[in-house]
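Pasted below: target-v5.cif, mmCIF, C-alpha atoms.
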data_work
#
loop_
_atom_site.label_atom_id
_atom_site.label_comp_id
_atom_site.auth_asym_id
_atom_site.auth_seq_id
_atom_site.Cartn_x
_atom_site.Cartn_y
_atom_site.Cartn_z
CA MET O 1090 -59.05 55.15 22.11
CA LYS O 1091 -61.54 57.60 23.54
CA ARG O 1092 -60.55 61.17 22.92
CA ILE O 1093 -61.17 63.72 25.56
CA MET O 1094 -60.65 67.36 26.28
CA LEU O 1095 -59.46 67.72 29.82
CA VAL O 1096 -59.55 71.30 31.05
CA SER O 1097 -58.08 71.80 34.45
CA VAL O 1098 -59.44 74.94 36.02
CA LEU O 1099 -57.33 74.35 39.07
CA ALA O 1100 -57.56 76.97 41.80
CA VAL O 1101 -56.16 77.23 45.28
CA LEU O 1102 -58.60 79.54 47.04
CA ALA O 1103 -58.11 81.24 50.38
CA MET O 1104 -60.10 83.69 52.44
CA ALA O 1105 -59.34 87.17 51.12
CA ALA O 1106 -58.12 89.85 53.48
CA GLY O 1107 -60.87 92.33 54.18
CA ALA O 1108 -63.71 90.00 53.11
CA PRO O 1109 -66.68 89.78 55.48
CA ALA O 1110 -65.81 87.00 57.93
CA SER O 1111 -69.36 85.61 58.07
CA ARG O 1112 -69.49 85.21 54.30
CA ALA O 1113 -65.98 83.83 53.83
CA GLU O 1114 -65.87 81.50 56.81
CA SER O 1115 -69.40 80.10 56.57
CA ALA O 1116 -69.09 78.82 53.00
CA SER O 1117 -68.32 75.09 53.03
CA LEU O 1118 -66.09 73.41 50.49
CA ARG O 1119 -69.16 71.66 49.09
CA THR O 1120 -70.96 74.99 48.60
CA ILE O 1121 -67.98 76.45 46.75
CA VAL O 1122 -67.47 73.43 44.47
CA ASP O 1123 -71.20 73.16 43.75
CA ARG O 1124 -71.30 76.85 42.80
CA PHE O 1125 -68.26 76.35 40.59
CA ALA O 1126 -70.04 73.49 38.80
CA GLN O 1127 -73.24 75.47 38.48
CA LEU O 1128 -71.48 78.44 36.88
CA ASP O 1129 -69.63 76.15 34.49
CA GLY O 1130 -72.92 74.48 33.53
CA GLN O 1131 -74.34 77.90 32.73
CA GLY O 1132 -71.52 78.47 30.27
CA ALA O 1133 -69.65 81.03 32.37
CA THR O 1134 -66.09 81.78 31.31
CA ARG O 1135 -63.22 81.15 33.68
CA PRO O 1136 -62.72 84.86 34.45
CA THR O 1137 -66.43 85.12 35.27
CA ILE O 1138 -66.29 82.05 37.51
CA GLU O 1139 -63.29 83.45 39.35
CA SER O 1140 -65.00 86.81 39.78
CA VAL O 1141 -68.18 85.23 41.19
CA LEU O 1142 -66.25 83.03 43.63
CA GLN O 1143 -64.39 86.08 44.88
CA HIS O 1144 -67.53 88.17 45.23
CA GLU O 1145 -69.85 85.58 46.75
CA PHE O 1146 -67.43 83.81 49.10
CA GLY O 1147 -64.80 86.43 49.87
CA LEU O 1148 -62.15 84.50 47.95
CA ARG O 1149 -59.48 85.95 45.73
CA ILE O 1150 -57.30 84.35 43.10
CA VAL O 1151 -53.56 84.90 43.00
CA ARG O 1152 -51.54 83.71 40.05
CA GLY O 1153 -48.21 81.92 40.16
CA VAL O 1154 -45.52 81.73 37.52
CA PRO O 1155 -46.12 79.40 34.54
CA VAL O 1156 -42.96 77.38 33.86
CA ALA O 1157 -41.86 74.86 31.27
CA ASN O 1158 -43.32 71.44 32.01
CA LYS O 1159 -40.95 69.32 34.08
CA LEU O 1160 -43.49 66.63 34.88
CA GLY O 1161 -43.44 64.73 31.58
CA SER O 1162 -45.67 64.56 28.52
CA PRO O 1163 -49.12 66.11 29.04
CA GLY O 1164 -50.70 63.13 27.26
CA PRO O 1165 -52.31 62.48 23.87
CA SER O 1166 -52.42 65.42 21.50
CA ASP O 1167 -56.22 65.36 21.55
CA VAL O 1168 -56.24 66.04 25.32
CA MET O 1169 -55.65 69.45 26.89
CA LEU O 1170 -55.16 70.44 30.52
CA ASP O 1171 -54.84 74.13 31.37
CA THR O 1172 -52.00 75.53 33.41
CA PRO O 1173 -53.34 75.57 36.99
CA ILE O 1174 -54.38 78.77 38.74
CA VAL O 1175 -53.36 79.22 42.37
CA THR O 1176 -54.93 81.73 44.73
CA SER O 1177 -54.31 82.67 48.34
CA ARG O 1178 -54.18 85.28 51.07
CA GLU O 1179 -50.81 86.44 52.40
CA ALA O 1180 -51.57 85.42 55.98
CA ALA O 1181 -49.99 82.87 58.28
CA ASN O 1182 -51.77 79.52 58.49
CA SER O 1183 -54.81 80.68 56.52
CA PRO O 1184 -57.22 78.11 55.03
CA TYR O 1185 -56.87 77.22 51.37
CA ILE O 1186 -58.88 75.30 48.79
CA MET O 1187 -57.56 73.60 45.65
CA LEU O 1188 -60.14 73.32 42.88
CA ALA O 1189 -59.99 71.61 39.51
CA ARG O 1190 -62.33 70.95 36.61
CA MET O 1191 -62.16 68.34 33.85
CA HIS O 1192 -64.45 67.66 30.91
CA TRP O 1193 -64.72 65.54 27.79
CA ASN O 1194 -64.35 67.12 24.39
CA ARG O 1195 -67.00 66.79 21.69
CA CYS O 1196 -66.29 64.91 18.47
CA ALA O 1197 -68.71 65.45 15.60
CA GLY O 1198 -71.26 66.79 18.06
CA LYS O 1199 -71.01 63.82 20.44
CA GLY O 1200 -68.87 63.00 23.43
CA CYS O 1201 -65.53 61.65 22.25
CA TRP O 1202 -66.08 58.50 24.34
CA GLU O 1203 -68.40 57.40 21.51
CA LYS O 1204 -65.33 56.84 19.34
CA ASP O 1205 -64.09 54.05 21.61
CA ARG O 1206 -65.96 50.80 21.44
CA GLY O 1207 -64.64 47.62 23.03
CA GLY O 1208 -64.09 44.76 20.63
CA ASN O 1209 -63.28 41.90 23.00
CA GLY O 1210 -66.49 41.49 24.95
CA ALA O 1211 -65.25 43.62 27.83
CA GLY O 1212 -67.43 46.60 27.00
CA ASP O 1213 -66.47 50.03 25.79
CA HIS O 1214 -65.63 51.64 29.13
CA GLY O 1215 -63.28 49.25 30.96
CA GLY O 1216 -62.72 49.81 34.67
CA PRO O 1217 -62.70 52.97 36.81
CA ASP O 1218 -61.21 56.25 35.65
CA GLY O 1219 -59.38 58.54 38.07
CA LEU O 1220 -58.94 62.22 38.89
CA ALA O 1221 -56.53 63.59 41.51
CA ILE O 1222 -55.22 66.93 42.70
CA GLN O 1223 -51.78 67.36 44.29
CA ILE O 1224 -49.56 69.97 45.87
CA SER O 1225 -45.84 69.42 46.33
CA ARG O 1226 -45.79 71.30 49.63
CA SER O 1227 -46.90 69.37 52.73
CA ILE O 1228 -50.43 70.19 53.94
CA ASN O 1229 -52.92 69.28 56.65
CA ARG O 1230 -56.13 68.47 54.80
CA THR O 1231 -59.46 69.38 56.39
CA SER O 1232 -61.98 68.24 53.75
CA SER O 1233 -62.32 67.10 50.14
CA TYR O 1234 -65.19 66.94 47.67
CA MET O 1235 -65.79 65.82 44.09
CA ILE O 1236 -68.90 65.77 41.94
CA ARG O 1237 -69.53 64.67 38.37
CA THR O 1238 -72.11 65.80 35.84
CA THR O 1239 -73.57 63.61 33.13
CA SER O 1240 -73.52 64.43 29.45
CA CYS O 1241 -77.15 65.50 29.93
CA GLY O 1242 -76.02 68.14 32.44
CA ASP O 1243 -77.36 66.36 35.55
CA GLN O 1244 -75.27 66.62 38.71
CA LEU O 1245 -74.54 63.28 40.37
CA PRO O 1246 -74.10 62.64 44.13
CA PRO O 1247 -70.62 63.41 45.51
CA ASP O 1248 -67.97 60.71 45.16
CA PRO O 1249 -65.95 59.37 48.12
CA PRO O 1250 -62.16 59.77 47.85
CA SER O 1251 -60.11 56.64 47.26
CA THR O 1252 -56.89 58.14 48.61
CA ASP O 1253 -55.92 61.25 50.56
CA ASN O 1254 -52.80 62.33 52.40
CA GLU O 1255 -50.53 65.29 53.12
CA HIS O 1256 -50.17 66.10 49.41
CA GLY O 1257 -53.70 65.89 48.04
CA VAL O 1258 -56.65 63.69 47.23
CA GLY O 1259 -57.67 61.27 44.47
CA PHE O 1260 -60.97 59.79 43.28
CA LYS O 1261 -61.47 56.47 41.48
CA VAL O 1262 -64.91 56.19 39.82
CA GLN O 1263 -66.39 53.81 37.24
CA ASP O 1264 -67.41 55.50 34.00
CA ASP O 1265 -70.57 54.06 32.47
CA GLN O 1266 -73.83 54.83 30.73
CA ALA O 1267 -75.69 57.47 32.73
CA GLY O 1268 -79.04 55.67 32.78
CA GLY O 1269 -82.43 57.12 33.67
CA SER O 1270 -83.53 60.01 31.50
CA CYS O 1271 -79.94 60.21 30.24
CA ARG O 1272 -79.78 56.55 29.18
CA ASN O 1273 -77.85 57.37 25.99
CA GLY O 1274 -75.45 59.66 27.84
CA TRP O 1275 -72.36 59.21 30.01
CA ASN O 1276 -71.98 59.48 33.78
CA TRP O 1277 -68.61 61.27 33.74
CA ASP O 1278 -68.84 64.14 31.29
CA LYS O 1279 -67.39 66.69 33.72
CA ALA O 1280 -65.87 66.48 37.18
CA PHE O 1281 -65.20 69.16 39.78
CA ILE O 1282 -62.74 68.41 42.58
CA GLY O 1283 -61.89 70.40 45.71
CA ASP O 1284 -59.47 69.98 48.62
CA GLU O 1285 -59.34 72.29 51.66
CA PHE O 1286 -56.19 72.49 53.77
CA ARG O 1287 -53.63 74.43 55.80
CA PHE O 1288 -49.90 74.29 55.24
CA THR O 1289 -48.17 71.90 57.63
CA ASP O 1290 -45.37 74.35 58.36
CA GLY O 1291 -47.91 76.91 59.63
CA HIS O 1292 -46.81 79.50 57.11
CA GLY O 1293 -49.03 81.25 54.62
CA TYR O 1294 -49.14 81.01 50.88
CA CYS O 1295 -45.93 82.97 50.47
CA THR O 1296 -43.57 83.83 53.29
CA GLY O 1297 -40.52 84.60 51.16
CA GLY O 1298 -38.57 81.81 52.83
CA ASN O 1299 -40.13 78.77 51.19
CA PRO O 1300 -38.83 77.21 47.95
CA PRO O 1301 -41.23 77.25 44.98
CA TYR O 1302 -43.88 74.56 45.01
CA ASN O 1303 -46.22 73.10 42.36
CA VAL O 1304 -49.92 72.32 42.15
CA GLN O 1305 -51.23 69.94 39.52
CA THR O 1306 -54.08 67.65 38.55
CA LYS O 1307 -53.99 64.35 36.69
CA PHE O 1308 -56.69 62.31 34.99
CA THR O 1309 -56.60 58.73 33.69
CA HIS O 1310 -59.02 56.99 31.37
CA THR O 1311 -59.33 53.23 30.87
CA TRP O 1312 -61.25 51.04 28.42
CA ASP O 1313 -61.69 47.40 27.34
CA THR O 1314 -59.84 45.13 29.83
CA THR O 1315 -57.90 47.84 31.66
CA SER O 1316 -58.93 49.10 35.10
CA LEU O 1317 -57.50 51.71 37.46
CA THR O 1318 -56.53 49.88 40.65
CA GLY O 1319 -55.01 52.65 42.76
CA ILE O 1320 -53.89 56.28 43.02
CA SER O 1321 -50.71 57.40 44.78
CA ILE O 1322 -50.02 61.03 45.71
CA SER O 1323 -46.68 62.31 46.99
CA GLU O 1324 -44.44 65.35 47.02
CA ASN O 1325 -43.27 64.34 43.55
CA GLY O 1326 -46.68 64.08 41.92
CA ILE O 1327 -49.62 61.76 41.17
CA GLY O 1328 -49.30 58.11 40.14
CA PHE O 1329 -51.92 55.78 38.69
CA ASN O 1330 -51.79 51.98 38.85
CA TRP O 1331 -53.65 49.74 36.40
CA ASN O 1332 -54.29 46.00 36.18
CA ASP O 1333 -52.73 46.18 32.68
CA THR O 1334 -51.53 49.01 30.46
CA ALA O 1335 -53.01 48.02 27.12
CA HIS O 1336 -55.99 50.36 27.16
CA GLU O 1337 -55.30 53.45 29.24
CA TYR O 1338 -53.80 56.89 29.09
CA GLU O 1339 -53.25 59.73 31.51
CA VAL O 1340 -53.28 63.49 31.19
CA ILE O 1341 -51.41 66.17 33.14
CA PRO O 1342 -51.17 69.95 32.69
CA SER O 1343 -49.04 71.07 29.76
CA ASP O 1344 -47.48 73.42 32.34
CA PRO O 1345 -47.70 72.99 36.12
CA TRP O 1346 -48.54 75.93 38.31
CA THR O 1347 -45.51 77.10 40.29
CA SER O 1348 -45.49 79.54 43.20
CA ASP O 1349 -43.85 82.90 42.61
CA CYS O 1350 -42.03 82.97 45.96
#

Can you turn what I pasted into structure tokens?
Amino acid sequence: MKRIMLVSVLAVLAMAAGAPASRAESASLRTIVDRFAQLDGQGATRPTIESVLQHEFGLRIVRGVPVANKLGSPGPSDVMLDTPIVTSREAANSPYIMLARMHWNRCAGKGCWEKDRGGNGAGDHGGPDGLAIQISRSINRTSSYMIRTTSCGDQLPPDPPSTDNEHGVGFKVQDDQAGGSCRNGWNWDKAFIGDEFRFTDGHGYCTGGNPPYNVQTKFTHTWDTTSLTGISISENGIGFNWNDTAHEYEVIPSDPWTSDC
């Protein structure tokens, strides 16, 4: 089994009250996600990344209430997914962005995928892996974006979503050798996902009349003969479908993010 470290730096970002409109409204989702990835590649800490996103794009981060996990096991003990961070402006029908980050852990100085080698002629990476982001409250999505970086630190072209609906977006991408100047590396060392939306009910982040809602990410890894065939996203969470279940696992946050209102 490949071992990974999956760190979800999930954020729901909205235009901050009082921020210059030209700065906040002109920044595209792609620009924000690309900047997020760039900062991460420079080794910036999460607080630093949050601070830069707020300063450069007029975004602010608002925290929810961490609660005991009610979504099931977070996955193998060698995999970690941070409690999501949710941010927003207290304004009716304001735009929001959900962001998440995942990355592989290092084992003995190498990517942990090196520990998994196929023994049946099917190769050591199986079929596609998947990453999705979901919100339990109904939304009207306006755009989505995901990029991956190789284990050499190179940013790859954006990936098209394989599924999107009123509760989020999911990406299904084949993991493989990176090739080129990174021929001994991997093409899915890190991934950065974003989803921009407005709430379907027309209310803001917190109106005081809505029940609590959750935001989460989920990642699945496959190897040998197993392949991810589909991603389902609903009010209740994220589901992965495989052609078989012999060589796969999935990871979710150890604690979901829950709204505080």

Closest of O:Trp1277, O:Trp1202, O:Phe1125, O:Phe1260 to Cys1241 in chain O - atom-to-atom distances counting all atoms listed in the file: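 When distances to Cys1241 in chain O are compared using all atoms listed in the file, the smallest one comes from O:Trp1277.
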
Using the chain letters and numbers from the file, give me the residues hit by the PyMOL selection byres ((chain O and resi 1301-1306) around 7), as a VMD selection string. chain O and resid 1173 1221 to 1226 1299 to 1300 1307 to 1308 1341 to 1342 1345 to 1350

For range 1250-1253 of chain O, find every residue with an atom within 9 Å (counting all atoms listed in the file), except residues of its own chain fewer than 5 positions away, and show them as a ChimeraX atom specification. /O:1221,1230,1233-1235,1258-1262,1319-1322

Taking the file as shown, what set of residues would the PyMOL selection byres ((chain O and resi 1267) around 12) give back, as a short mmCIF file (atom, residue, chain, number, x, y, z; two decimals) with C-alpha atoms, keeping the file's coordinate frame?
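Saved file expr.cif follows:
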data_model
loop_
_atom_site.label_atom_id
_atom_site.label_comp_id
_atom_site.auth_asym_id
_atom_site.auth_seq_id
_atom_site.Cartn_x
_atom_site.Cartn_y
_atom_site.Cartn_z
CA ARG O 1237 -69.53 64.67 38.37
CA THR O 1238 -72.11 65.80 35.84
CA THR O 1239 -73.57 63.61 33.13
CA SER O 1240 -73.52 64.43 29.45
CA CYS O 1241 -77.15 65.50 29.93
CA GLY O 1242 -76.02 68.14 32.44
CA ASP O 1243 -77.36 66.36 35.55
CA GLN O 1244 -75.27 66.62 38.71
CA LEU O 1245 -74.54 63.28 40.37
CA GLN O 1263 -66.39 53.81 37.24
CA ASP O 1264 -67.41 55.50 34.00
CA ASP O 1265 -70.57 54.06 32.47
CA GLN O 1266 -73.83 54.83 30.73
CA GLY O 1268 -79.04 55.67 32.78
CA GLY O 1269 -82.43 57.12 33.67
CA SER O 1270 -83.53 60.01 31.50
CA CYS O 1271 -79.94 60.21 30.24
CA ARG O 1272 -79.78 56.55 29.18
CA ASN O 1273 -77.85 57.37 25.99
CA GLY O 1274 -75.45 59.66 27.84
CA TRP O 1275 -72.36 59.21 30.01
CA ASN O 1276 -71.98 59.48 33.78
CA TRP O 1277 -68.61 61.27 33.74
CA ASP O 1278 -68.84 64.14 31.29
#

Among listed residues O:Gly1291, O:Gly1219, O:Pro1184, O:Gly1283, nearest Glu1337 in chain O (using only C-alpha atoms):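 Checking each of O:Gly1291, O:Gly1219, O:Pro1184, O:Gly1283 against Glu1337 in chain O, counting only C-alpha atoms, the winner is O:Gly1219.
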
Once the PyMOL selection byres ((chain O and resi 1227) around 7) has been evaluated on this model, what residues remain selected, and can you format them as a PyMOL selection string? chain O and resi 1225-1226+1228+1255-1256+1288-1289

Restricting to only C-alpha atoms, whichever of O:Leu1128, O:Met1187, O:Cys1196, O:Leu1317 is closest to Asn1330 in chain O is O:Leu1317

Can you patch up range 1286-1317 of chain O, filling it in to N, CA and C atoms, and show the result as an mmCIF file, keeping the file's coordinate frame?
data_model
loop_
_atom_site.group_PDB
_atom_site.id
_atom_site.type_symbol
_atom_site.label_atom_id
_atom_site.label_comp_id
_atom_site.auth_asym_id
_atom_site.auth_seq_id
_atom_site.Cartn_x
_atom_site.Cartn_y
_atom_site.Cartn_z
ATOM 1 N N PHE O 1286 -57.353 72.844 52.954
ATOM 2 C CA PHE O 1286 -56.190 72.490 53.770
ATOM 3 C C PHE O 1286 -55.535 73.711 54.389
ATOM 4 N N ARG O 1287 -54.581 73.433 55.274
ATOM 5 C CA ARG O 1287 -53.630 74.430 55.800
ATOM 6 C C ARG O 1287 -52.236 73.871 55.582
ATOM 7 N N PHE O 1288 -51.277 74.734 55.418
ATOM 8 C CA PHE O 1288 -49.900 74.290 55.240
ATOM 9 C C PHE O 1288 -49.355 73.717 56.548
ATOM 10 N N THR O 1289 -48.691 72.576 56.456
ATOM 11 C CA THR O 1289 -48.170 71.900 57.630
ATOM 12 C C THR O 1289 -47.180 72.756 58.411
ATOM 13 N N ASP O 1290 -46.385 73.545 57.689
ATOM 14 C CA ASP O 1290 -45.370 74.350 58.360
ATOM 15 C C ASP O 1290 -45.950 75.569 59.070
ATOM 16 N N GLY O 1291 -47.268 75.791 58.952
ATOM 17 C CA GLY O 1291 -47.910 76.910 59.630
ATOM 18 C C GLY O 1291 -47.729 78.241 58.953
ATOM 19 N N HIS O 1292 -47.021 78.251 57.837
ATOM 20 C CA HIS O 1292 -46.810 79.500 57.110
ATOM 21 C C HIS O 1292 -47.941 79.727 56.112
ATOM 22 N N GLY O 1293 -48.018 80.933 55.606
ATOM 23 C CA GLY O 1293 -49.030 81.250 54.620
ATOM 24 C C GLY O 1293 -48.611 80.853 53.224
ATOM 25 N N TYR O 1294 -49.390 81.322 52.279
ATOM 26 C CA TYR O 1294 -49.140 81.010 50.880
ATOM 27 C C TYR O 1294 -47.727 81.356 50.447
ATOM 28 N N CYS O 1295 -47.264 82.519 50.883
ATOM 29 C CA CYS O 1295 -45.930 82.970 50.470
ATOM 30 C C CYS O 1295 -45.286 83.738 51.610
ATOM 31 N N THR O 1296 -44.259 83.155 52.191
ATOM 32 C CA THR O 1296 -43.570 83.830 53.290
ATOM 33 C C THR O 1296 -42.235 84.420 52.858
ATOM 34 N N GLY O 1297 -41.810 84.117 51.641
ATOM 35 C CA GLY O 1297 -40.520 84.600 51.160
ATOM 36 C C GLY O 1297 -39.383 83.667 51.525
ATOM 37 N N GLY O 1298 -39.633 82.719 52.427
ATOM 38 C CA GLY O 1298 -38.570 81.810 52.830
ATOM 39 C C GLY O 1298 -38.748 80.392 52.330
ATOM 40 N N ASN O 1299 -39.871 80.116 51.685
ATOM 41 C CA ASN O 1299 -40.130 78.770 51.190
ATOM 42 C C ASN O 1299 -39.651 78.614 49.751
ATOM 43 N N PRO O 1300 -39.163 77.440 49.357
ATOM 44 C CA PRO O 1300 -38.830 77.210 47.950
ATOM 45 C C PRO O 1300 -40.113 77.150 47.137
ATOM 46 N N PRO O 1301 -40.030 77.358 45.824
ATOM 47 C CA PRO O 1301 -41.230 77.250 44.980
ATOM 48 C C PRO O 1301 -41.870 75.871 45.110
ATOM 49 N N TYR O 1302 -43.169 75.825 44.966
ATOM 50 C CA TYR O 1302 -43.880 74.560 45.010
ATOM 51 C C TYR O 1302 -44.891 74.516 43.862
ATOM 52 N N ASN O 1303 -45.321 73.293 43.497
ATOM 53 C CA ASN O 1303 -46.220 73.100 42.360
ATOM 54 C C ASN O 1303 -47.585 72.615 42.817
ATOM 55 N N VAL O 1304 -48.580 72.890 41.997
ATOM 56 C CA VAL O 1304 -49.920 72.320 42.150
ATOM 57 C C VAL O 1304 -50.304 71.747 40.793
ATOM 58 N N GLN O 1305 -50.837 70.537 40.788
ATOM 59 C CA GLN O 1305 -51.230 69.940 39.520
ATOM 60 C C GLN O 1305 -52.417 69.008 39.704
ATOM 61 N N THR O 1306 -53.069 68.689 38.593
ATOM 62 C CA THR O 1306 -54.080 67.650 38.550
ATOM 63 C C THR O 1306 -53.629 66.582 37.559
ATOM 64 N N LYS O 1307 -54.243 65.412 37.660
ATOM 65 C CA LYS O 1307 -53.990 64.350 36.690
ATOM 66 C C LYS O 1307 -55.250 63.513 36.535
ATOM 67 N N PHE O 1308 -55.514 63.128 35.305
ATOM 68 C CA PHE O 1308 -56.690 62.310 34.990
ATOM 69 C C PHE O 1308 -56.242 61.083 34.218
ATOM 70 N N THR O 1309 -56.876 59.937 34.475
ATOM 71 C CA THR O 1309 -56.600 58.730 33.690
ATOM 72 C C THR O 1309 -57.907 58.143 33.195
ATOM 73 N N HIS O 1310 -57.861 57.632 31.978
ATOM 74 C CA HIS O 1310 -59.020 56.990 31.370
ATOM 75 C C HIS O 1310 -58.651 55.567 30.969
ATOM 76 N N THR O 1311 -59.557 54.633 31.219
ATOM 77 C CA THR O 1311 -59.330 53.230 30.870
ATOM 78 C C THR O 1311 -60.472 52.718 30.004
ATOM 79 N N TRP O 1312 -60.210 51.676 29.218
ATOM 80 C CA TRP O 1312 -61.250 51.040 28.420
ATOM 81 C C TRP O 1312 -60.889 49.585 28.162
ATOM 82 N N ASP O 1313 -61.834 48.834 27.573
ATOM 83 C CA ASP O 1313 -61.690 47.400 27.340
ATOM 84 C C ASP O 1313 -61.300 46.681 28.646
ATOM 85 N N THR O 1314 -60.180 45.971 28.669
ATOM 86 C CA THR O 1314 -59.840 45.130 29.830
ATOM 87 C C THR O 1314 -59.088 45.872 30.930
ATOM 88 N N THR O 1315 -58.718 47.113 30.693
ATOM 89 C CA THR O 1315 -57.900 47.840 31.660
ATOM 90 C C THR O 1315 -58.761 48.480 32.749
ATOM 91 N N SER O 1316 -58.234 48.497 33.978
ATOM 92 C CA SER O 1316 -58.930 49.100 35.100
ATOM 93 C C SER O 1316 -57.933 49.817 36.000
ATOM 94 N N LEU O 1317 -58.301 50.996 36.479
ATOM 95 C CA LEU O 1317 -57.500 51.710 37.460
ATOM 96 C C LEU O 1317 -57.628 50.992 38.804
#
